[in-house]
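For reference, work_38.txt is printed below; it contains compact mmCIF, C-alpha atoms.
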# COMPACT_ATOMS: atom_id res chain seq x y z
CA MET A 4 20.34 -48.66 93.59
CA PRO A 5 20.82 -49.86 97.19
CA GLU A 6 19.90 -53.41 96.09
CA ALA A 7 22.39 -53.28 93.23
CA HIS A 8 25.08 -52.03 95.61
CA GLU A 9 24.34 -54.83 98.08
CA GLN A 10 24.46 -57.44 95.33
CA SER A 11 27.79 -56.07 94.12
CA ARG A 12 29.18 -56.19 97.65
CA ARG A 13 28.07 -59.81 98.08
CA GLN A 14 29.68 -60.77 94.78
CA SER A 15 32.90 -59.05 95.81
CA ASP A 16 32.90 -60.83 99.17
CA ARG A 17 32.30 -64.18 97.51
CA ALA A 18 35.10 -63.56 95.01
CA LYS A 19 37.49 -62.77 97.88
CA TRP A 20 36.35 -65.88 99.76
CA THR A 21 36.89 -68.06 96.68
CA TYR A 22 40.31 -66.50 96.05
CA GLY A 23 41.30 -67.25 99.63
CA LYS A 24 40.04 -70.84 99.39
CA ILE A 25 42.13 -71.45 96.27
CA LEU A 26 45.21 -69.85 97.82
CA ASP A 27 44.85 -71.94 101.01
CA ALA A 28 44.42 -75.13 98.97
CA ALA A 29 47.44 -74.27 96.85
CA GLY A 30 49.46 -73.76 100.01
CA GLN A 31 48.59 -77.28 101.16
CA VAL A 32 49.34 -78.88 97.79
CA PHE A 33 52.56 -76.96 97.08
CA GLU A 34 53.83 -77.62 100.60
CA ARG A 35 53.15 -81.34 100.25
CA ASN A 36 54.12 -81.94 96.62
CA GLY A 37 56.32 -79.05 95.56
CA TYR A 38 55.77 -77.10 92.36
CA GLU A 39 56.36 -79.85 89.83
CA GLY A 40 54.33 -82.40 91.80
CA ALA A 41 51.32 -80.11 92.22
CA SER A 42 48.50 -80.06 89.69
CA VAL A 43 45.76 -77.52 89.07
CA ASN A 44 43.15 -80.29 89.22
CA GLU A 45 44.29 -81.33 92.70
CA ILE A 46 44.28 -77.73 93.92
CA ILE A 47 40.75 -77.29 92.56
CA ARG A 48 39.66 -80.49 94.31
CA VAL A 49 41.19 -79.48 97.65
CA ALA A 50 39.70 -75.97 97.38
CA GLY A 51 36.27 -77.34 96.54
CA VAL A 52 35.72 -74.85 93.71
CA THR A 53 34.91 -75.17 90.03
CA LYS A 54 37.42 -74.90 87.21
CA GLY A 55 35.64 -71.75 86.11
CA ALA A 56 36.15 -70.19 89.53
CA PHE A 57 39.83 -71.17 89.51
CA TYR A 58 40.53 -69.71 86.09
CA PHE A 59 38.59 -66.57 86.94
CA HIS A 60 41.29 -65.79 89.51
CA PHE A 61 44.38 -67.53 88.09
CA ARG A 62 45.51 -68.24 84.56
CA SER A 63 47.93 -71.02 85.46
CA LYS A 64 49.79 -72.88 88.18
CA LYS A 65 52.62 -70.39 87.73
CA ASP A 66 50.32 -67.46 88.54
CA LEU A 67 49.21 -69.28 91.66
CA ALA A 68 52.81 -69.85 92.76
CA VAL A 69 53.53 -66.15 92.28
CA ALA A 70 50.50 -65.25 94.42
CA ILE A 71 51.64 -67.65 97.16
CA LEU A 72 55.09 -66.06 97.20
CA GLU A 73 53.71 -62.52 97.22
CA SER A 74 51.44 -63.35 100.15
CA THR A 75 54.51 -63.93 102.35
CA LEU A 76 55.42 -60.25 102.09
CA GLN A 77 52.37 -59.34 104.18
CA VAL A 78 53.40 -59.52 107.84
CA ASP A 79 50.05 -59.21 109.61
CA GLY A 80 50.57 -58.03 113.16
CA LEU A 81 53.74 -56.02 112.51
CA VAL A 82 53.23 -52.56 114.00
CA PRO A 83 55.60 -49.58 114.37
CA GLN A 84 57.76 -49.67 117.49
CA GLU A 85 59.67 -46.98 119.33
CA ILE A 86 62.82 -49.05 118.78
CA LYS A 87 63.27 -49.95 115.10
CA LEU A 88 65.34 -53.02 115.90
CA GLN A 89 62.28 -54.37 117.70
CA GLU A 90 60.46 -54.34 114.36
CA VAL A 91 63.31 -56.36 112.84
CA VAL A 92 62.85 -58.97 115.54
CA ASP A 93 59.05 -58.84 115.38
CA THR A 94 59.05 -59.57 111.65
CA GLY A 95 60.82 -62.88 112.12
CA LEU A 96 58.94 -63.85 115.27
CA ILE A 97 55.51 -63.26 113.69
CA LEU A 98 56.42 -65.30 110.62
CA SER A 99 57.78 -68.06 112.84
CA HIS A 100 54.47 -68.22 114.64
CA LYS A 101 52.42 -68.17 111.44
CA ILE A 102 54.42 -70.65 109.38
CA SER A 103 53.39 -73.65 111.49
CA ARG A 104 49.74 -72.60 111.19
CA ASP A 105 49.49 -71.33 107.63
CA PRO A 106 50.52 -73.81 104.88
CA LYS A 107 50.90 -70.92 102.44
CA ILE A 108 54.00 -69.64 104.23
CA MET A 109 55.67 -73.05 104.37
CA ALA A 110 54.72 -73.59 100.73
CA ALA A 111 56.22 -70.22 99.81
CA LEU A 112 59.44 -71.12 101.59
CA ARG A 113 59.63 -74.48 99.86
CA LEU A 114 58.89 -72.92 96.46
CA SER A 115 61.44 -70.15 96.97
CA LEU A 116 64.31 -72.53 97.74
CA THR A 117 64.05 -74.72 94.63
CA HIS A 118 66.59 -74.38 91.82
CA GLU A 119 64.00 -73.37 89.24
CA ALA A 120 62.36 -70.68 91.38
CA ARG A 121 64.11 -67.64 89.96
CA ASP A 122 63.55 -68.61 86.31
CA VAL A 123 60.07 -70.17 86.54
CA TYR A 124 57.97 -68.15 89.00
CA GLY A 125 60.35 -65.86 90.85
CA THR A 126 61.49 -65.62 94.45
CA PRO A 127 60.63 -63.17 97.24
CA TRP A 128 64.10 -63.26 98.81
CA PRO A 129 65.42 -60.08 97.11
CA ASP A 130 62.35 -58.22 98.40
CA TRP A 131 62.79 -59.67 101.88
CA ILE A 132 66.46 -58.74 101.98
CA LYS A 133 65.61 -55.23 100.78
CA PHE A 134 62.89 -54.99 103.45
CA ASN A 135 65.25 -56.09 106.24
CA THR A 136 68.00 -53.80 104.95
CA THR A 137 65.61 -50.83 105.04
CA GLN A 138 64.63 -51.70 108.62
CA LEU A 139 68.28 -51.99 109.67
CA ASN A 140 69.27 -48.78 107.87
CA GLU A 141 66.61 -46.85 109.76
CA ALA A 142 67.76 -48.43 113.02
CA LYS A 143 71.32 -47.38 112.19
CA GLN A 144 70.22 -43.80 111.48
CA ARG A 145 68.59 -43.74 114.91
CA GLY A 146 71.82 -44.86 116.54
CA GLU A 147 70.45 -48.26 117.53
CA VAL A 148 73.03 -50.19 115.48
CA GLY A 149 76.81 -50.03 115.62
CA PHE A 150 78.33 -47.67 113.02
CA ASP A 151 80.51 -50.48 111.62
CA VAL A 152 77.57 -52.86 110.97
CA ASN A 153 77.00 -53.68 107.30
CA THR A 154 73.21 -53.67 107.11
CA ALA A 155 72.96 -55.43 103.74
CA ASP A 156 75.18 -58.27 104.99
CA GLN A 157 73.07 -58.61 108.13
CA ALA A 158 69.87 -58.65 106.08
CA HIS A 159 71.25 -61.53 104.00
CA GLN A 160 72.21 -63.34 107.17
CA ILE A 161 68.74 -62.91 108.67
CA ALA A 162 67.08 -64.33 105.55
CA GLY A 163 69.46 -67.27 105.33
CA THR A 164 69.42 -68.13 109.02
CA TRP A 165 65.65 -67.82 109.42
CA SER A 166 64.91 -70.01 106.42
CA GLY A 167 67.62 -72.45 107.47
CA LEU A 168 66.13 -72.86 110.93
CA VAL A 169 62.72 -73.62 109.42
CA MET A 170 63.95 -76.13 106.85
CA THR A 171 66.50 -77.95 109.00
CA GLY A 172 64.08 -78.18 111.92
CA HIS A 173 61.39 -79.60 109.67
CA SER A 174 63.86 -82.05 108.12
CA ILE A 175 65.17 -83.26 111.48
CA TYR A 176 61.94 -83.48 113.45
CA GLY A 177 59.24 -83.67 110.77
CA HIS A 178 57.40 -80.74 112.34
CA LEU A 179 57.94 -77.13 113.39
CA ASN A 180 57.49 -77.52 117.14
CA GLY A 181 60.07 -75.40 118.94
CA LEU A 182 60.70 -73.16 115.93
CA GLU A 183 59.65 -69.99 117.74
CA GLU A 184 62.14 -70.71 120.53
CA ARG A 185 64.96 -71.33 118.03
CA VAL A 186 64.17 -68.19 116.04
CA ALA A 187 63.96 -66.12 119.23
CA THR A 188 67.44 -67.35 120.18
CA MET A 189 68.70 -66.44 116.70
CA TYR A 190 67.47 -62.86 117.04
CA GLU A 191 68.77 -62.57 120.59
CA ASN A 192 72.25 -63.58 119.39
CA LEU A 193 72.02 -61.18 116.44
CA MET A 194 71.03 -58.26 118.66
CA ILE A 195 73.99 -58.92 120.97
CA VAL A 196 76.28 -58.46 117.96
CA ILE A 197 74.70 -55.46 116.22
CA ALA A 198 72.65 -53.50 118.76
CA HIS A 199 73.99 -50.54 120.72
CA PRO A 200 74.37 -51.54 124.41
CA ARG A 201 71.86 -48.92 125.57
CA ILE A 202 69.25 -50.43 123.22
CA LEU A 203 69.99 -54.12 123.69
CA ARG A 204 68.33 -54.57 127.07
CA GLN A 205 65.12 -52.95 125.77
CA ILE A 206 64.58 -55.39 122.89
CA ASP A 207 62.07 -58.19 123.52
CA CYS A 208 63.07 -61.49 121.89
CA SER A 209 60.57 -63.61 123.81
CA PRO A 210 59.48 -66.75 121.89
CA THR A 211 55.83 -65.89 122.54
CA ARG A 212 56.03 -62.32 121.22
CA GLY A 213 55.16 -63.27 117.63
CA ARG A 214 52.11 -65.20 118.83
CA ASP A 215 50.95 -62.30 121.02
CA LEU A 216 51.35 -59.68 118.28
CA TYR A 217 49.52 -61.80 115.74
CA GLN A 218 46.69 -62.58 118.16
CA LEU A 219 46.34 -58.85 118.89
CA PHE A 220 46.04 -58.24 115.15
CA LEU A 221 43.31 -60.89 114.88
CA ASP A 222 41.44 -59.47 117.87
CA GLN A 223 41.44 -55.98 116.38
CA ARG A 224 40.09 -56.99 112.98
CA PRO A 225 36.51 -55.85 112.27
Step by step, read the file and then write its structure as structure tokens.
Amino acid sequence: MPEAHEQSRRQSDRAKWTYGKILDAAGQVFERNGYEGASVNEIIRVAGVTKGAFYFHFRSKKDLAVAILESTLQVDGLVPQEIKLQEVVDTGLILSHKISRDPKIMAALRLSLTHEARDVYGTPWPDWIKFNTTQLNEAKQRGEVGFDVNTADQAHQIAGTWSGLVMTGHSIYGHLNGLEERVATMYENLMIVIAHPRILRQIDCSPTRGRDLYQLFLDQRP
């Protein structure tokens, strides 16, 4: 029995490793070629796996695109804060740090902004807007946000401005250097508008905060 359990664990670990390899490869290919320009054969080649391994985890390119988009909803390093508005800021700062280092996030952003996204493989933006709205609503209940602030409108603005900073920066410069500084400035400006004055000075919008939180998460992993 112990041997069977150990074999099962190894198989599970290998399956997770293979799944991750395919997802990483898909991130590279989707980010470079877009959805229409990407092929399953190229993703398999980049991942270095067999067709059997690919189709064990994914039925089609569409399924893979869905998995890429769903992976963006996992904000590793985001931890509860005494000030809820700090979590709003941390969400964007962590993603800004990760997007220049993880092709899956940039691929997800590119996939989500195409015209066919909603009808072909879906888009995570409604979930992101709902997530940000929930964060802002809780902050408002705590008295951290002005009573006249429309949280749904602000959540839409966060999603649009964050994605716009990524895409325009990449289009202008051809890279994402300086993104964390630009996103930090965005959140600092937003907090000036919506945060209660007694809370504002306590919110950390440092450009390095996303990097530090994510590194702490990595350091604490088993």
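The residue that comes closest to A:Leu76, out of A:His118, A:His60, A:Arg35, A:Lys133 and on the basis of only C-alpha atoms, is A:Lys133.
Atom pair atom CA of A:Asp93 / atom CA of A:Asp79 has a distance of 10.7 Å (rounded to one decimal).
If you measure from each of A:Ser209, A:Ser63, A:Thr188, A:Gln223 to A:Ala29 using only C-alpha atoms, the closest one turns out to be A:Ser63.
Closest to A:Asp207 among A:Asp66, A:Asn140, A:Val82, A:Ala187 is A:Ala187, based on only C-alpha atoms.
The nearest approach to A:Pro83 among the residues A:Leu216, A:Ile195, A:Leu112, A:Ile175, with all atoms listed in the file taken into account, belongs to A:Leu216.
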With a distance cut-off of 12 Å and only C-alpha atoms, select the neighbouring residues of A:Ala41, excluding the residue or stretch itself and same-chain residues fewer than 6 positions from it, and output the selection as a PyMOL selection string. chain A and resi 28-35+47-49+63-65+67-68+110+114
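Counting all atoms listed in the file, the residue from A:Thr53, A:Asn44, A:Leu96, A:Tyr124 that sits nearest to A:Asp215 is A:Leu96.
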Need the axis-aligned box for stretch 106-115 of chain A with 5 Å each side, so what are the centre and edges in Å to one decimal, as AutoDock Vina command-line options?
--center_x 56.0 --center_y -72.1 --center_z 100.7 --size_x 20.9 --size_y 14.8 --size_z 18.4
Spatial neighbours of stretch 146-154 of chain A, max dist 6 Å, all atoms listed in the file, sep filter under 6 positions, as JSON, numbers by chain: {"A": [136, 139, 197, 198, 199]}
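Proximity of A:Asn192, A:Ser74, A:Asn180, A:Thr21 to A:Thr126, computed with only C-alpha atoms, is greatest for A:Ser74.
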Applying 12 Å and only C-alpha atoms, which residues near A:Val92 remain after dropping the ones on its own chain fewer than 5 positions away? List them as a PyMOL selection string. chain A and resi 81-84+86-87+97-99+135+138-139+142+158+161+165+183+186-194+198+203+206-210+212-213+216
What lies within 8 Å of A:Asp27 using only C-alpha atoms, ignoring chain neighbours under 5 positions off, as number ranges by chain? A: 50, 106-107
